[in-house]
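Data block for start-v6.csv (CSV, N, CA and C atoms):
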```csv
chain,number,residue,atom,x,y,z
A,11,MET,N,27.1,-17.7,52.1
A,11,MET,CA,26.9,-18.9,51.3
A,11,MET,C,25.4,-19.2,51.1
A,12,ARG,N,24.7,-19.0,52.1
A,12,ARG,CA,23.2,-19.2,52.0
A,12,ARG,C,22.6,-18.2,51.0
A,13,ALA,N,23.1,-16.9,51.0
A,13,ALA,CA,22.6,-15.9,50.1
A,13,ALA,C,23.0,-16.3,48.6
A,14,ASN,N,24.1,-16.8,48.5
A,14,ASN,CA,24.6,-17.3,47.2
A,14,ASN,C,23.7,-18.4,46.6
A,15,LEU,N,23.4,-19.4,47.5
A,15,LEU,CA,22.5,-20.5,47.1
A,15,LEU,C,21.1,-20.0,46.8
A,16,GLN,N,20.6,-19.0,47.5
A,16,GLN,CA,19.3,-18.5,47.3
A,16,GLN,C,19.2,-17.8,45.9
A,17,LYS,N,20.3,-17.0,45.6
A,17,LYS,CA,20.3,-16.3,44.3
A,17,LYS,C,20.3,-17.4,43.1
A,18,ARG,N,21.0,-18.5,43.3
A,18,ARG,CA,21.1,-19.5,42.2
A,18,ARG,C,19.7,-20.1,42.0
A,19,LEU,N,19.0,-20.4,43.1
A,19,LEU,CA,17.6,-21.0,43.0
A,19,LEU,C,16.7,-20.0,42.4
A,20,GLU,N,16.8,-18.7,42.7
A,20,GLU,CA,15.9,-17.7,42.1
A,20,GLU,C,16.2,-17.6,40.6
A,21,GLN,N,17.5,-17.7,40.2
A,21,GLN,CA,17.8,-17.6,38.7
A,21,GLN,C,17.3,-18.8,38.0
A,22,GLN,N,17.3,-20.0,38.6
A,22,GLN,CA,16.8,-21.2,38.0
A,22,GLN,C,15.3,-21.2,37.8
A,23,GLN,N,14.6,-20.6,38.8
A,23,GLN,CA,13.2,-20.6,38.7
A,23,GLN,C,12.7,-19.5,37.7
A,24,GLN,N,13.4,-18.5,37.4
A,24,GLN,CA,13.0,-17.5,36.4
A,24,GLN,C,13.2,-18.0,35.0
A,25,HIS,N,14.0,-18.9,34.7
A,25,HIS,CA,14.3,-19.4,33.4
A,25,HIS,C,13.1,-20.3,32.9
A,26,ILE,N,12.5,-20.0,31.7
A,26,ILE,CA,11.4,-20.7,31.1
A,26,ILE,C,12.0,-21.4,29.9
A,27,ASP,N,11.8,-22.7,29.8
A,27,ASP,CA,12.2,-23.5,28.7
A,27,ASP,C,11.2,-23.3,27.5
A,28,LEU,N,11.7,-22.8,26.4
A,28,LEU,CA,10.8,-22.5,25.2
A,28,LEU,C,10.8,-23.7,24.2
A,29,SER,N,11.6,-24.7,24.5
A,29,SER,CA,11.6,-25.8,23.5
A,29,SER,C,10.2,-26.5,23.3
A,30,PRO,N,9.5,-26.8,24.4
A,30,PRO,CA,8.2,-27.5,24.1
A,30,PRO,C,7.2,-26.5,23.4
A,31,LEU,N,7.3,-25.2,23.7
A,31,LEU,CA,6.4,-24.3,23.0
A,31,LEU,C,6.8,-24.2,21.5
A,32,LEU,N,8.0,-24.2,21.1
A,32,LEU,CA,8.4,-24.2,19.7
A,32,LEU,C,8.0,-25.5,19.0
A,33,ASP,N,8.1,-26.6,19.7
A,33,ASP,CA,7.7,-27.9,19.1
A,33,ASP,C,6.2,-27.9,18.8
A,34,VAL,N,5.4,-27.3,19.7
A,34,VAL,CA,3.9,-27.3,19.5
A,34,VAL,C,3.6,-26.3,18.3
A,35,VAL,N,4.3,-25.2,18.3
A,35,VAL,CA,4.0,-24.3,17.2
A,35,VAL,C,4.4,-24.9,15.8
A,36,PHE,N,5.5,-25.6,15.8
A,36,PHE,CA,6.0,-26.3,14.6
A,36,PHE,C,5.0,-27.3,14.1
A,37,ILE,N,4.5,-28.1,15.1
A,37,ILE,CA,3.5,-29.1,14.7
A,37,ILE,C,2.2,-28.5,14.2
A,38,LEU,N,1.8,-27.4,14.8
A,38,LEU,CA,0.6,-26.7,14.3
A,38,LEU,C,0.8,-26.2,12.9
A,39,LEU,N,2.0,-25.6,12.6
A,39,LEU,CA,2.3,-25.1,11.3
A,39,LEU,C,2.3,-26.3,10.3
A,40,ILE,N,2.8,-27.4,10.6
A,40,ILE,CA,2.8,-28.5,9.7
A,40,ILE,C,1.3,-29.0,9.5
A,41,PHE,N,0.5,-29.0,10.5
A,41,PHE,CA,-0.9,-29.4,10.4
A,41,PHE,C,-1.6,-28.5,9.4
A,42,PHE,N,-1.4,-27.2,9.5
A,42,PHE,CA,-2.1,-26.2,8.7
A,42,PHE,C,-1.7,-26.3,7.2
A,43,ILE,N,-0.4,-26.6,7.0
A,43,ILE,CA,0.1,-26.7,5.7
A,43,ILE,C,-0.4,-28.0,5.0
A,44,VAL,N,-0.5,-29.0,5.7
A,44,VAL,CA,-0.9,-30.3,5.2
A,44,VAL,C,-2.4,-30.3,4.9
A,45,THR,N,-3.2,-29.6,5.7
A,45,THR,CA,-4.7,-29.6,5.5
A,45,THR,C,-5.2,-28.5,4.6
A,46,THR,N,-4.3,-27.7,4.1
A,46,THR,CA,-4.7,-26.6,3.2
A,46,THR,C,-5.0,-27.2,1.9
A,47,VAL,N,-6.1,-26.8,1.3
A,47,VAL,CA,-6.5,-27.2,-0.1
A,47,VAL,C,-6.1,-26.1,-1.0
A,48,PHE,N,-5.4,-26.5,-2.0
A,48,PHE,CA,-5.0,-25.5,-3.0
A,48,PHE,C,-5.9,-25.5,-4.2
A,49,VAL,N,-6.4,-24.4,-4.6
A,49,VAL,CA,-7.3,-24.3,-5.8
A,49,VAL,C,-6.5,-23.6,-6.9
A,50,LYS,N,-6.4,-24.3,-8.1
A,50,LYS,CA,-5.7,-23.7,-9.2
A,50,LYS,C,-6.5,-22.6,-9.8
A,51,GLU,N,-6.0,-21.4,-9.7
A,51,GLU,CA,-6.7,-20.3,-10.4
A,51,GLU,C,-6.3,-20.2,-11.8
A,52,THR,N,-7.1,-19.5,-12.6
A,52,THR,CA,-6.8,-19.3,-14.0
A,52,THR,C,-5.6,-18.4,-14.3
A,53,GLY,N,-5.4,-17.4,-13.4
A,53,GLY,CA,-4.3,-16.5,-13.6
A,53,GLY,C,-4.7,-15.2,-14.3
A,54,VAL,N,-5.9,-15.1,-14.7
A,54,VAL,CA,-6.3,-13.8,-15.3
A,54,VAL,C,-7.6,-13.3,-14.5
A,55,GLU,N,-7.8,-12.0,-14.6
A,55,GLU,CA,-8.9,-11.4,-13.9
A,55,GLU,C,-10.0,-11.1,-15.0
A,56,VAL,N,-11.2,-11.7,-14.8
A,56,VAL,CA,-12.3,-11.5,-15.7
A,56,VAL,C,-13.4,-10.8,-15.0
A,57,ASP,N,-14.2,-10.0,-15.7
A,57,ASP,CA,-15.3,-9.3,-15.1
A,57,ASP,C,-16.5,-10.2,-15.3
A,58,LYS,N,-16.9,-11.0,-14.3
A,58,LYS,CA,-17.9,-12.0,-14.3
A,58,LYS,C,-19.3,-11.3,-14.3
A,59,PRO,N,-20.3,-11.9,-14.9
A,59,PRO,CA,-21.6,-11.4,-14.8
A,59,PRO,C,-22.2,-11.7,-13.5
A,60,GLN,N,-23.3,-11.0,-13.1
A,60,GLN,CA,-23.9,-11.3,-11.8
A,60,GLN,C,-25.2,-12.1,-12.0
A,61,ALA,N,-25.4,-13.0,-11.1
A,61,ALA,CA,-26.6,-13.9,-11.1
A,61,ALA,C,-27.2,-14.1,-9.7
A,62,LEU,N,-28.5,-14.1,-9.6
A,62,LEU,CA,-29.2,-14.2,-8.4
A,62,LEU,C,-29.2,-15.7,-7.9
A,63,SER,N,-29.0,-16.6,-8.8
A,63,SER,CA,-29.1,-18.0,-8.5
A,63,SER,C,-27.7,-18.6,-8.3
A,64,SER,N,-26.7,-17.8,-8.1
A,64,SER,CA,-25.3,-18.3,-7.9
A,64,SER,C,-25.2,-19.2,-6.7
A,65,GLN,N,-24.3,-20.2,-6.7
A,65,GLN,CA,-24.0,-21.0,-5.6
A,65,GLN,C,-22.5,-21.0,-5.4
A,66,LYS,N,-22.1,-21.4,-4.1
A,66,LYS,CA,-20.7,-21.4,-3.8
A,66,LYS,C,-19.9,-22.4,-4.7
A,67,LEU,N,-18.6,-22.1,-4.9
A,67,LEU,CA,-17.8,-22.9,-5.7
A,67,LEU,C,-17.2,-24.0,-4.9
A,68,GLU,N,-17.1,-25.2,-5.6
A,68,GLU,CA,-16.5,-26.3,-4.9
A,68,GLU,C,-15.0,-26.1,-4.9
A,69,ARG,N,-14.3,-26.9,-4.1
A,69,ARG,CA,-12.9,-26.7,-3.9
A,69,ARG,C,-12.1,-27.4,-5.0
A,70,ASN,N,-12.5,-28.5,-5.5
A,70,ASN,CA,-11.7,-29.2,-6.5
A,70,ASN,C,-12.4,-29.1,-7.8
A,71,VAL,N,-12.1,-28.1,-8.6
A,71,VAL,CA,-12.7,-27.9,-9.9
A,71,VAL,C,-11.6,-27.6,-10.9
A,72,ILE,N,-12.0,-27.7,-12.2
A,72,ILE,CA,-11.1,-27.3,-13.3
A,72,ILE,C,-11.5,-25.9,-13.7
A,73,MET,N,-10.7,-24.9,-13.5
A,73,MET,CA,-11.0,-23.5,-13.8
A,73,MET,C,-10.5,-23.1,-15.1
A,74,ILE,N,-11.4,-22.7,-16.0
A,74,ILE,CA,-11.0,-22.2,-17.3
A,74,ILE,C,-11.5,-20.8,-17.5
A,75,ALA,N,-10.7,-19.8,-17.9
A,75,ALA,CA,-11.1,-18.5,-18.0
A,75,ALA,C,-11.2,-18.1,-19.5
A,76,ILE,N,-12.1,-17.2,-19.8
A,76,ILE,CA,-12.2,-16.6,-21.2
A,76,ILE,C,-12.2,-15.1,-21.0
A,77,THR,N,-11.2,-14.5,-21.5
A,77,THR,CA,-11.0,-13.1,-21.4
A,77,THR,C,-11.8,-12.3,-22.4
A,78,ASN,N,-11.9,-11.0,-22.2
A,78,ASN,CA,-12.7,-10.2,-23.1
A,78,ASN,C,-12.1,-10.1,-24.5
A,79,SER,N,-10.8,-10.4,-24.6
A,79,SER,CA,-10.2,-10.4,-25.9
A,79,SER,C,-10.3,-11.8,-26.6
A,80,GLY,N,-11.0,-12.7,-26.0
A,80,GLY,CA,-11.2,-14.0,-26.6
A,80,GLY,C,-10.2,-15.1,-26.3
A,81,GLU,N,-9.3,-14.9,-25.4
A,81,GLU,CA,-8.3,-15.9,-25.0
A,81,GLU,C,-8.9,-16.9,-24.1
A,82,VAL,N,-8.6,-18.2,-24.2
A,82,VAL,CA,-9.0,-19.2,-23.3
A,82,VAL,C,-7.8,-19.6,-22.5
A,83,ILE,N,-7.9,-19.4,-21.2
A,83,ILE,CA,-6.8,-19.5,-20.3
A,83,ILE,C,-7.0,-20.6,-19.3
A,84,TYR,N,-6.0,-21.5,-19.1
A,84,TYR,CA,-5.9,-22.5,-18.0
A,84,TYR,C,-4.5,-22.4,-17.4
A,85,ASP,N,-4.5,-22.2,-16.1
A,85,ASP,CA,-3.2,-22.3,-15.4
A,85,ASP,C,-2.2,-21.3,-16.0
A,86,ASN,N,-2.6,-20.1,-16.2
A,86,ASN,CA,-1.7,-19.0,-16.7
A,86,ASN,C,-1.2,-19.2,-18.2
A,87,SER,N,-1.8,-20.1,-18.9
A,87,SER,CA,-1.4,-20.3,-20.3
A,87,SER,C,-2.6,-20.3,-21.2
A,88,ASN,N,-2.4,-19.7,-22.4
A,88,ASN,CA,-3.5,-19.6,-23.4
A,88,ASN,C,-3.6,-21.0,-24.1
A,89,ILE,N,-4.7,-21.7,-23.9
A,89,ILE,CA,-4.8,-23.0,-24.5
A,89,ILE,C,-5.7,-23.0,-25.7
A,90,THR,N,-6.3,-21.9,-26.0
A,90,THR,CA,-7.3,-21.7,-27.1
A,90,THR,C,-8.4,-22.7,-27.1
A,91,VAL,N,-9.4,-22.5,-27.9
A,91,VAL,CA,-10.6,-23.4,-27.8
A,91,VAL,C,-10.2,-24.8,-28.3
A,92,ALA,N,-9.3,-24.9,-29.2
A,92,ALA,CA,-8.9,-26.2,-29.7
A,92,ALA,C,-8.2,-27.1,-28.6
A,93,GLY,N,-7.6,-26.4,-27.6
A,93,GLY,CA,-6.9,-27.1,-26.6
A,93,GLY,C,-7.7,-27.5,-25.4
A,94,VAL,N,-8.9,-27.0,-25.3
A,94,VAL,CA,-9.8,-27.2,-24.2
A,94,VAL,C,-10.1,-28.7,-24.0
A,95,ARG,N,-10.4,-29.4,-25.1
A,95,ARG,CA,-10.8,-30.8,-25.0
A,95,ARG,C,-9.6,-31.7,-24.4
A,96,ASN,N,-8.4,-31.4,-25.0
A,96,ASN,CA,-7.2,-32.2,-24.6
A,96,ASN,C,-6.9,-31.9,-23.1
A,97,THR,N,-6.9,-30.6,-22.7
A,97,THR,CA,-6.6,-30.2,-21.4
A,97,THR,C,-7.5,-30.8,-20.3
A,98,VAL,N,-8.8,-30.7,-20.6
A,98,VAL,CA,-9.8,-31.2,-19.7
A,98,VAL,C,-9.8,-32.7,-19.6
A,99,SER,N,-9.6,-33.4,-20.7
A,99,SER,CA,-9.6,-34.9,-20.7
A,99,SER,C,-8.3,-35.3,-19.9
A,100,GLN,N,-7.2,-34.7,-20.0
A,100,GLN,CA,-6.0,-35.0,-19.2
A,100,GLN,C,-6.3,-34.8,-17.7
A,101,LEU,N,-6.9,-33.7,-17.4
A,101,LEU,CA,-7.2,-33.5,-16.0
A,101,LEU,C,-8.3,-34.4,-15.4
A,102,LEU,N,-9.2,-34.9,-16.2
A,102,LEU,CA,-10.2,-35.8,-15.7
A,102,LEU,C,-9.7,-37.2,-15.6
A,103,LYS,N,-8.6,-37.5,-16.1
A,103,LYS,CA,-8.0,-38.9,-15.9
A,103,LYS,C,-7.6,-39.1,-14.5
A,104,ASN,N,-7.2,-38.1,-13.8
A,104,ASN,CA,-6.8,-38.2,-12.4
A,104,ASN,C,-8.0,-38.5,-11.5
A,105,ARG,N,-9.1,-37.7,-11.6
A,105,ARG,CA,-10.3,-37.8,-10.9
A,105,ARG,C,-11.4,-37.0,-11.5
A,106,PRO,N,-12.6,-37.5,-11.4
A,106,PRO,CA,-13.7,-36.7,-12.0
A,106,PRO,C,-14.0,-35.4,-11.2
A,107,GLN,N,-14.1,-34.3,-11.8
A,107,GLN,CA,-14.3,-33.1,-11.2
A,107,GLN,C,-15.1,-32.1,-12.1
A,108,PRO,N,-15.8,-31.2,-11.6
A,108,PRO,CA,-16.6,-30.3,-12.5
A,108,PRO,C,-15.7,-29.3,-13.1
A,109,VAL,N,-16.1,-28.7,-14.2
A,109,VAL,CA,-15.4,-27.7,-15.0
A,109,VAL,C,-16.2,-26.4,-14.7
A,110,VAL,N,-15.4,-25.3,-14.3
A,110,VAL,CA,-16.0,-24.0,-14.1
A,110,VAL,C,-15.4,-23.0,-15.1
A,111,ILE,N,-16.2,-22.4,-15.8
A,111,ILE,CA,-15.7,-21.4,-16.8
A,111,ILE,C,-16.0,-20.0,-16.3
A,112,GLN,N,-14.9,-19.2,-16.2
A,112,GLN,CA,-15.0,-17.8,-15.8
A,112,GLN,C,-14.9,-17.0,-17.1
A,113,ALA,N,-16.1,-16.6,-17.6
A,113,ALA,CA,-16.2,-15.9,-18.8
A,113,ALA,C,-16.4,-14.4,-18.5
A,114,ASP,N,-15.7,-13.5,-19.2
A,114,ASP,CA,-16.0,-12.1,-19.1
A,114,ASP,C,-17.3,-11.7,-19.6
A,115,LYS,N,-17.9,-10.6,-19.2
A,115,LYS,CA,-19.2,-10.2,-19.6
A,115,LYS,C,-19.2,-9.9,-21.1
A,116,GLN,N,-18.1,-9.5,-21.7
A,116,GLN,CA,-18.0,-9.1,-23.1
A,116,GLN,C,-17.8,-10.3,-24.0
A,117,VAL,N,-17.6,-11.5,-23.5
A,117,VAL,CA,-17.3,-12.7,-24.4
A,117,VAL,C,-18.5,-13.0,-25.2
A,118,PRO,N,-18.3,-13.2,-26.5
A,118,PRO,CA,-19.4,-13.6,-27.4
A,118,PRO,C,-20.0,-15.0,-27.0
A,119,THR,N,-21.2,-15.1,-27.1
A,119,THR,CA,-21.9,-16.4,-26.7
A,119,THR,C,-21.4,-17.6,-27.5
A,120,GLU,N,-21.0,-17.3,-28.8
A,120,GLU,CA,-20.5,-18.4,-29.6
A,120,GLU,C,-19.2,-19.0,-29.0
A,121,LEU,N,-18.3,-18.2,-28.5
A,121,LEU,CA,-17.1,-18.6,-27.9
A,121,LEU,C,-17.3,-19.4,-26.6
A,122,LEU,N,-18.2,-18.9,-25.8
A,122,LEU,CA,-18.6,-19.5,-24.6
A,122,LEU,C,-19.2,-20.9,-24.9
A,123,VAL,N,-20.1,-21.0,-25.8
A,123,VAL,CA,-20.7,-22.3,-26.2
A,123,VAL,C,-19.6,-23.3,-26.7
A,124,GLN,N,-18.7,-22.8,-27.5
A,124,GLN,CA,-17.6,-23.7,-28.0
A,124,GLN,C,-16.8,-24.3,-26.9
A,125,VAL,N,-16.5,-23.4,-25.8
A,125,VAL,CA,-15.7,-23.9,-24.7
A,125,VAL,C,-16.5,-24.9,-23.9
A,126,ILE,N,-17.8,-24.7,-23.7
A,126,ILE,CA,-18.7,-25.6,-23.0
A,126,ILE,C,-18.7,-26.9,-23.8
A,127,ASP,N,-18.9,-26.9,-25.1
A,127,ASP,CA,-19.0,-28.1,-25.9
A,127,ASP,C,-17.7,-28.9,-25.8
A,128,GLU,N,-16.6,-28.2,-25.9
A,128,GLU,CA,-15.3,-28.9,-25.9
A,128,GLU,C,-15.1,-29.6,-24.5
A,129,SER,N,-15.5,-28.9,-23.5
A,129,SER,CA,-15.4,-29.5,-22.1
A,129,SER,C,-16.3,-30.7,-22.0
A,130,LYS,N,-17.5,-30.7,-22.5
A,130,LYS,CA,-18.4,-31.8,-22.4
A,130,LYS,C,-17.9,-33.0,-23.3
A,131,LEU,N,-17.3,-32.7,-24.5
A,131,LEU,CA,-16.8,-33.7,-25.3
A,131,LEU,C,-15.5,-34.4,-24.7
A,132,ALA,N,-14.9,-33.6,-23.8
A,132,ALA,CA,-13.7,-34.2,-23.1
A,132,ALA,C,-14.1,-35.2,-22.0
A,133,GLY,N,-15.4,-35.2,-21.7
A,133,GLY,CA,-15.9,-36.1,-20.6
A,133,GLY,C,-16.3,-35.5,-19.4
A,134,ALA,N,-16.4,-34.1,-19.3
A,134,ALA,CA,-16.8,-33.4,-18.1
A,134,ALA,C,-18.3,-33.7,-17.9
A,135,SER,N,-18.7,-34.2,-16.7
A,135,SER,CA,-20.1,-34.4,-16.4
A,135,SER,C,-20.8,-33.2,-16.0
A,136,SER,N,-20.1,-32.2,-15.5
A,136,SER,CA,-20.7,-30.9,-15.0
A,136,SER,C,-19.8,-29.8,-15.5
A,137,VAL,N,-20.5,-28.9,-16.3
A,137,VAL,CA,-19.8,-27.7,-16.8
A,137,VAL,C,-20.6,-26.5,-16.2
A,138,ASN,N,-20.0,-25.6,-15.5
A,138,ASN,CA,-20.7,-24.4,-14.9
A,138,ASN,C,-20.0,-23.1,-15.3
A,139,ILE,N,-20.8,-22.1,-15.2
A,139,ILE,CA,-20.3,-20.7,-15.5
A,139,ILE,C,-20.2,-19.9,-14.2
A,140,ALA,N,-19.0,-19.4,-13.9
A,140,ALA,CA,-18.8,-18.6,-12.7
A,140,ALA,C,-19.4,-17.2,-12.8
A,141,THR,N,-20.1,-16.8,-11.8
A,141,THR,CA,-20.8,-15.5,-11.7
A,141,THR,C,-20.5,-14.8,-10.4
A,142,VAL,N,-20.8,-13.6,-10.3
A,142,VAL,CA,-20.7,-12.9,-9.0
A,142,VAL,C,-22.0,-13.0,-8.2
A,143,LEU,N,-21.8,-13.3,-6.9
A,143,LEU,CA,-23.0,-13.5,-6.1
A,143,LEU,C,-23.7,-12.2,-5.9
```

So that I can check it, write out the structure of this file as structure tokens.
Amino acid sequence: MRANLQKRLEQQQQHIDLSPLLDVVFILLIFFIVTTVFVKETGVEVDKPQALSSQKLERNVIMIAITNSGEVIYDNSNITVAGVRNTVSQLLKNRPQPVVIQADKQVPTELLVQVIDESKLAGASSVNIATVL
């Protein structure tokens, strides 16, 4: 009987309760999900020019891409130059944020200037061009 009692005690001591560990992991997962900042990408890959005076990109920006074929893209949709002003003004209603233009190396200067002008006319206080560091 004593051996039987000793076996039971040994079995109870070997069991580890994982419930508190799972709770902690779940809370950490929720913390990381909530604190993550999501940056809206333009959805297209452009070949950006290189600049020595480049600076790091802020987290909350309006990203507009201009492809080498002349398409103006925001959030995976072609908005054209005419749609830049409306799109940027709608986004600036929520909160003021800078506009960053990702222009391909092959984009004509005239198209780039038109997109910058439309962004400024929409009320953007800061319009930047994305480059490679």

Any idea what's packed within 8 Å of Gln60 in chain A, counting all atoms listed in the file, ignoring anything in its chain fewer than 6 positions away? Could you give it as a PyMOL selection string?
-> chain A and resi 115+140-143

Closest to Asn86 in chain A among A:Gly133, A:Thr46, A:Lys103, A:Glu55, using only C-alpha atoms?
->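 Ranking A:Gly133, A:Thr46, A:Lys103, A:Glu55 by distance to Asn86 in chain A, first place goes to A:Glu55.
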
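You will find CA of Thr45 in chain A at 13.9 Å from CA of Asn70 in chain A.
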
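The spacing separating atom C of Ile43 in chain A from atom C of Leu31 in chain A amounts to 18.4 Å.
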
Taking only C-alpha atoms into account, which of A:Ile72, A:Ile126, A:Ala13, A:Leu121 comes nearest Asn104 in chain A?
->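 Ranked by minimum distance to Asn104 in chain A, first place goes to A:Ile72.
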
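Note that CA of Leu102 in chain A and CA of Val123 in chain A are 20.1 Å apart.
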
Go through range 35-116 of chain A and collect every residue that DSSP, computed from the backbone, puts in strand (DSSP E or B); the answer should be as a ChimeraX atom specification.
-> /A:60,72-76,82-84,87-88,109-113

Which neighbours of Met73 in chain A fall inside 12 Å, counting only C-alpha atoms, when residues of the same chain fewer than 2 positions from it are skipped, and could you give them as a PyMOL selection string?
-> chain A and resi 49-54+67-71+75-76+82-86+94+97-98+101+107-113+125+129+137-140

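With all atoms listed in the file as the atoms that count, the minimum distance from Arg95 in chain A to the choices A:Asp27, A:Asp33, A:Asp127, A:Asp57 is reached by A:Asp127.
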